[in-house]
Amino acid sequence: MLQRTRVAAVALAVGAGALALTPTASAVAETTAETISRVDVSPSPVVIFDKPVKATFTFTTKGAGKAELQLKAPGDAGVFTPVEVKPSPHGQETRWTATKEFTAANAGVWNFLAIAGDASAKGTFQVKKALDTKVVEFDADPDLVEKGDRLRVSGKLEAEGKAYGGQKVTITFRARGTDAYRHVTTVTTRRSGWFSAHVRAGATGWWRAEFGGNAEARSSVSDTDRVSVRWRDRDSRITGFNAYHEPVTRGDRLSFTGTLQAEGWRDLPGERVSIMFKEHGSSHWRRVTSDVTDRDGRFWARATAYDSGWWRAEFDGARGVDGSVSGTDWVRVVEPTPPPAVKADTRVISFNAYPEPVKRGKHLRFRAKLQVDDEGDWDGYKGKVRLYFKPSGSAKYSYVKSTWSNSSGKIYTKVKAWKSGRWKFVYQGDDDTYGDTSGSDYVRVKR
């Protein structure tokens with residue numbers, strides 16, 4: 001009896017244990033189900049500058065003993081390529097890491113697919129070339145100011161030829177006599193790409209705008225714009241400025257003259273005057289040459305002319321004397337007259353029309369030779385030759401047909417004869433040779 005009771009108790013305990021284990025087994029099934037996180041791509045987007053860029057792909061899994069990552073290149077229809085992934089512990093999960101190097105040739109939208117058992121994660125990322133930028137239409141205005149006055153600098157930032165807004169652009173300045181540009185201020189481009197700022201002019205020098213680039217775009221620097229600063233001393237002026245002779249042939253020399261004077265309009269000797277040029281269609285002046293004024297304040301300089309545009313003289317100022325700029329002088333540059341073409345003489349010889357007489361409606365044949373004068377030697381020449389005919393009783397030749405001589409200069413053709421008259425070949429020449437006309441040959445046509 002005791003034995004039966006003990007067995008029943010054990011059976012009851014086992015049953016109760018089975019009931020207690022049911023939810024625990026369910027929990028184990030949930031924890032062992034394979035899960036996968038989203039895939040992180042770094043950097044994203046992948047931007048290629050001058051060197052290949054290595055992108056890193058990471059994701060985590062849980063309950064998976066292995067995982068794989070596949071990539072599909074832009075334009076590949078349904079073709080995924082595996083990429084090696086390496087696992088590492090990550091708490092109760094496994095972190096998987098893969099890398100791939102991209103170049104500019106890989107630009108486009110890529111697809112990725114991460115798989116861990118029955119779980120998967122997919123998405124896209126972009127590989128693109130770094131944007132080329134350009135600072136255009138930079139201008140510092142006005143070109144001549146008093147020391148301490150304000151001037152306006154402006155320009156436009158473009159990326160791949162389009163407005164690039166919301167970007168930081170630095171305005172820098174290099175004073176005359178120095179080698180380095182210094183930071184003056186920073187502005188942000190508007191949606192249109194345009195930027196502007198007002199700055200103080202403390203010295204004569206060159207202004208420019210610099211874009212330092214960012215994670216997706218290359219840096220760029222504008223053209224420079226020179227601003228002359230006048231010290232608050234004696235005024236100066238440049239009188240009688242003249243650029244001559246004009247118009248001028250491209251590659252020929254221009255002369256520049258004028259007189260530099262200081263306030264009271266006395267001649268100012270021993271000062272350097274720069275000759276500046278602004279090409280037609282441009283907004284920027286550039287220095288071409290210079291000269292030092294003589295004891296009468298006069299200067300004289302020469303320069304080679306290549307393009308039409310405006311010329312002027314600039315004096316940057318000196319101790320006790322403000323700088324000044326002359327009036328402008330427009331000079332038109334014309335293309336040189338090309339030398340006349342040197343051509344070789346030709347001759348059409350041995351012209352013959354046969355048979356003669358010829359029966360009406362039958363073929364009449366023609367032959368001759370076209371030759372060119374090669375420094376005293378007559379060589380065969382390939383060219384287009386025209387056949388002309390003058391019927392008996394007529395005073396005018398008429399065009400019949402054209403043919404070509406071969407490389408040996410031999411000419412051969414045929415036409416049907418209908419009237420008696422004279423025949424001849426005419427070579428009209430080409431870019432390298434003068435033309436010539438053969439002798440004529442009379443052929444009688446019989447019925």
# chains A, B, ... in the order shown; residues from 1 in each chain; ligands from 1

call {"tool": "select_by_dssp", "arguments": {"residues": "segment 87-281 of chain A", "states": "strand (DSSP E or B)", "output": "PDB file with C-alpha atoms, in the first residue's frame"}}
result
ATOM      1  CA  PRO A  87      31.731  37.930 -36.658  1.00  0.00           C
ATOM      2  CA  SER A  88      32.559  39.326 -33.219  1.00  0.00           C
ATOM      3  CA  PRO A  89      30.811  39.044 -29.827  1.00  0.00           C
ATOM      4  CA  HIS A  90      28.282  41.757 -29.042  1.00  0.00           C
ATOM      5  CA  GLU A  93      24.188  39.098 -30.111  1.00  0.00           C
ATOM      6  CA  THR A  94      26.800  38.692 -32.813  1.00  0.00           C
ATOM      7  CA  ARG A  95      28.148  41.687 -34.681  1.00  0.00           C
ATOM      8  CA  TRP A  96      29.021  41.106 -38.328  1.00  0.00           C
ATOM      9  CA  THR A  97      31.403  43.425 -40.175  1.00  0.00           C
ATOM     10  CA  ALA A  98      32.316  43.657 -43.873  1.00  0.00           C
ATOM     11  CA  THR A  99      34.332  46.150 -45.904  1.00  0.00           C
ATOM     12  CA  LYS A 100      34.533  47.029 -49.593  1.00  0.00           C
ATOM     13  CA  GLU A 101      36.600  49.578 -51.477  1.00  0.00           C
ATOM     14  CA  PHE A 102      34.889  51.859 -54.003  1.00  0.00           C
ATOM     15  CA  GLY A 108      25.524  54.924 -58.543  1.00  0.00           C
ATOM     16  CA  VAL A 109      22.892  53.392 -56.266  1.00  0.00           C
ATOM     17  CA  TRP A 110      23.912  50.024 -54.784  1.00  0.00           C
ATOM     18  CA  ASN A 111      21.652  47.418 -53.169  1.00  0.00           C
ATOM     19  CA  PHE A 112      22.577  45.294 -50.155  1.00  0.00           C
ATOM     20  CA  LEU A 113      21.032  42.127 -48.705  1.00  0.00           C
ATOM     21  CA  ALA A 114      21.998  40.675 -45.309  1.00  0.00           C
ATOM     22  CA  ILE A 115      20.815  37.128 -44.527  1.00  0.00           C
ATOM     23  CA  ALA A 116      20.839  35.154 -41.259  1.00  0.00           C
ATOM     24  CA  ALA A 119      15.851  36.503 -41.371  1.00  0.00           C
ATOM     25  CA  SER A 120      17.063  39.173 -43.813  1.00  0.00           C
ATOM     26  CA  ALA A 121      17.607  42.923 -44.088  1.00  0.00           C
ATOM     27  CA  LYS A 122      17.903  44.849 -47.328  1.00  0.00           C
ATOM     28  CA  GLY A 123      18.311  48.412 -48.503  1.00  0.00           C
ATOM     29  CA  THR A 124      20.306  50.762 -50.708  1.00  0.00           C
ATOM     30  CA  PHE A 125      23.227  53.151 -50.405  1.00  0.00           C
ATOM     31  CA  GLN A 126      24.837  55.600 -52.813  1.00  0.00           C
ATOM     32  CA  VAL A 127      28.357  55.865 -54.180  1.00  0.00           C
ATOM     33  CA  LYS A 128      29.032  59.181 -55.863  1.00  0.00           C
ATOM     34  CA  LYS A 129      31.891  61.326 -57.123  1.00  0.00           C
ATOM     35  CA  LEU A 131      31.254  67.542 -56.524  1.00  0.00           C
ATOM     36  CA  THR A 133      32.955  73.460 -57.217  1.00  0.00           C
ATOM     37  CA  LYS A 134      33.798  76.850 -58.629  1.00  0.00           C
ATOM     38  CA  VAL A 135      33.579  80.397 -57.287  1.00  0.00           C
ATOM     39  CA  VAL A 136      32.475  82.569 -60.212  1.00  0.00           C
ATOM     40  CA  GLU A 137      31.883  86.267 -60.843  1.00  0.00           C
ATOM     41  CA  PHE A 138      33.864  87.295 -57.772  1.00  0.00           C
ATOM     42  CA  ASP A 139      34.138  91.057 -57.477  1.00  0.00           C
ATOM     43  CA  ALA A 140      35.477  93.548 -54.978  1.00  0.00           C
ATOM     44  CA  ASP A 141      33.865  96.924 -55.569  1.00  0.00           C
ATOM     45  CA  LEU A 144      39.671 102.389 -55.729  1.00  0.00           C
ATOM     46  CA  VAL A 145      38.770 103.422 -52.169  1.00  0.00           C
ATOM     47  CA  GLU A 146      39.977 105.659 -49.387  1.00  0.00           C
ATOM     48  CA  ARG A 150      34.002  99.934 -46.848  1.00  0.00           C
ATOM     49  CA  LEU A 151      33.916  97.893 -50.019  1.00  0.00           C
ATOM     50  CA  ARG A 152      31.570  95.120 -51.104  1.00  0.00           C
ATOM     51  CA  VAL A 153      32.842  91.675 -52.070  1.00  0.00           C
ATOM     52  CA  SER A 154      30.478  89.282 -53.810  1.00  0.00           C
ATOM     53  CA  GLY A 155      30.384  86.180 -55.947  1.00  0.00           C
ATOM     54  CA  LYS A 156      28.608  82.909 -56.577  1.00  0.00           C
ATOM     55  CA  LEU A 157      29.462  79.357 -55.513  1.00  0.00           C
ATOM     56  CA  GLU A 158      28.575  76.599 -57.961  1.00  0.00           C
ATOM     57  CA  ALA A 159      28.792  72.812 -57.737  1.00  0.00           C
ATOM     58  CA  LYS A 162      24.601  74.644 -60.367  1.00  0.00           C
ATOM     59  CA  ALA A 163      23.993  77.005 -57.449  1.00  0.00           C
ATOM     60  CA  LYS A 168      30.549  78.681 -45.813  1.00  0.00           C
ATOM     61  CA  VAL A 169      32.795  80.860 -47.975  1.00  0.00           C
ATOM     62  CA  THR A 170      35.821  82.649 -46.545  1.00  0.00           C
ATOM     63  CA  ILE A 171      36.824  86.115 -47.759  1.00  0.00           C
ATOM     64  CA  THR A 172      40.611  86.541 -47.710  1.00  0.00           C
ATOM     65  CA  PHE A 173      42.989  89.382 -48.533  1.00  0.00           C
ATOM     66  CA  ARG A 174      46.660  89.707 -49.538  1.00  0.00           C
ATOM     67  CA  ALA A 175      48.203  93.134 -49.093  1.00  0.00           C
ATOM     68  CA  ARG A 182      44.719  86.291 -44.426  1.00  0.00           C
ATOM     69  CA  HIS A 183      41.204  85.510 -43.238  1.00  0.00           C
ATOM     70  CA  VAL A 184      38.891  88.536 -43.149  1.00  0.00           C
ATOM     71  CA  THR A 185      35.350  87.194 -42.745  1.00  0.00           C
ATOM     72  CA  THR A 186      33.116  84.225 -43.465  1.00  0.00           C
ATOM     73  CA  VAL A 187      29.757  84.313 -45.254  1.00  0.00           C
ATOM     74  CA  THR A 188      27.114  81.707 -46.082  1.00  0.00           C
ATOM     75  CA  TRP A 194      25.347  84.057 -54.280  1.00  0.00           C
ATOM     76  CA  PHE A 195      27.172  85.577 -51.330  1.00  0.00           C
ATOM     77  CA  SER A 196      28.261  89.084 -50.377  1.00  0.00           C
ATOM     78  CA  ALA A 197      29.900  90.928 -47.499  1.00  0.00           C
ATOM     79  CA  HIS A 198      31.093  94.422 -46.619  1.00  0.00           C
ATOM     80  CA  VAL A 199      34.694  94.750 -45.459  1.00  0.00           C
ATOM     81  CA  ARG A 200      37.052  97.557 -44.518  1.00  0.00           C
ATOM     82  CA  GLY A 205      45.978  94.439 -52.387  1.00  0.00           C
ATOM     83  CA  TRP A 206      44.060  91.504 -53.725  1.00  0.00           C
ATOM     84  CA  TRP A 207      40.778  90.025 -52.497  1.00  0.00           C
ATOM     85  CA  ARG A 208      39.428  86.551 -53.173  1.00  0.00           C
ATOM     86  CA  ALA A 209      36.839  84.038 -51.918  1.00  0.00           C
ATOM     87  CA  GLU A 210      37.744  80.521 -50.757  1.00  0.00           C
ATOM     88  CA  PHE A 211      35.464  77.523 -50.355  1.00  0.00           C
ATOM     89  CA  ALA A 217      32.399  68.646 -52.503  1.00  0.00           C
ATOM     90  CA  SER A 220      37.805  75.962 -54.820  1.00  0.00           C
ATOM     91  CA  VAL A 221      39.196  79.483 -54.926  1.00  0.00           C
ATOM     92  CA  ASP A 225      40.321  91.228 -57.620  1.00  0.00           C
ATOM     93  CA  ARG A 226      42.708  94.064 -56.912  1.00  0.00           C
ATOM     94  CA  VAL A 227      41.576  97.091 -54.942  1.00  0.00           C
ATOM     95  CA  SER A 228      43.729 100.207 -54.690  1.00  0.00           C
ATOM     96  CA  VAL A 229      43.573 102.111 -51.406  1.00  0.00           C
ATOM     97  CA  ARG A 230      44.257 105.817 -51.393  1.00  0.00           C
ATOM     98  CA  ARG A 234      47.693 114.490 -51.388  1.00  0.00           C
ATOM     99  CA  SER A 236      47.219 112.261 -57.530  1.00  0.00           C
ATOM    100  CA  ARG A 237      46.054 111.911 -61.100  1.00  0.00           C
ATOM    101  CA  ILE A 238      47.209 110.335 -64.363  1.00  0.00           C
ATOM    102  CA  THR A 239      46.644 112.576 -67.340  1.00  0.00           C
ATOM    103  CA  GLY A 240      47.000 112.062 -71.063  1.00  0.00           C
ATOM    104  CA  PHE A 241      46.962 108.271 -70.897  1.00  0.00           C
ATOM    105  CA  ASN A 242      47.059 106.789 -74.382  1.00  0.00           C
ATOM    106  CA  ALA A 243      47.421 103.286 -75.820  1.00  0.00           C
ATOM    107  CA  TYR A 244      48.558 103.330 -79.449  1.00  0.00           C
ATOM    108  CA  VAL A 248      46.718  96.576 -83.627  1.00  0.00           C
ATOM    109  CA  THR A 249      47.490  93.224 -85.212  1.00  0.00           C
ATOM    110  CA  ARG A 253      53.402  95.749 -79.717  1.00  0.00           C
ATOM    111  CA  LEU A 254      51.361  98.550 -78.175  1.00  0.00           C
ATOM    112  CA  SER A 255      52.852 101.687 -76.610  1.00  0.00           C
ATOM    113  CA  PHE A 256      51.458 103.444 -73.501  1.00  0.00           C
ATOM    114  CA  THR A 257      52.135 107.001 -72.386  1.00  0.00           C
ATOM    115  CA  GLY A 258      50.836 109.424 -69.772  1.00  0.00           C
ATOM    116  CA  THR A 259      51.824 111.801 -66.980  1.00  0.00           C
ATOM    117  CA  LEU A 260      51.557 111.295 -63.198  1.00  0.00           C
ATOM    118  CA  GLN A 261      50.822 114.406 -61.128  1.00  0.00           C
ATOM    119  CA  ALA A 262      50.354 115.106 -57.421  1.00  0.00           C
ATOM    120  CA  ARG A 266      52.764 119.136 -60.214  1.00  0.00           C
ATOM    121  CA  ASP A 267      54.629 116.400 -62.033  1.00  0.00           C
ATOM    122  CA  ARG A 272      56.042 103.324 -60.576  1.00  0.00           C
ATOM    123  CA  VAL A 273      52.922 103.273 -62.742  1.00  0.00           C
ATOM    124  CA  SER A 274      51.334  99.929 -63.712  1.00  0.00           C
ATOM    125  CA  ILE A 275      49.719  99.265 -67.078  1.00  0.00           C
ATOM    126  CA  MET A 276      46.521  97.233 -66.584  1.00  0.00           C
ATOM    127  CA  PHE A 277      44.372  95.333 -69.085  1.00  0.00           C
ATOM    128  CA  LYS A 278      40.771  94.086 -69.008  1.00  0.00           C
ATOM    129  CA  GLU A 279      39.833  91.699 -71.795  1.00  0.00           C
TER     130      GLU A 279
END

call {"tool": "residues_around", "arguments": {"residues": "segment 416-433 of chain A", "least_positions_apart": "6", "cutoff": "9 Å", "atoms": "only C-alpha atoms", "output": "PyMOL selection string"}}
result
chain A and resi 341-348+351-353+357-366+368+370+372+383-394+397+439-446

call {"tool": "closest_residue", "arguments": {"among": "A:Leu268, A:Ser222, A:Val321, A:Gly309", "to": "Asp296 of chain A", "atoms": "only C-alpha atoms"}}
result
A:Leu268
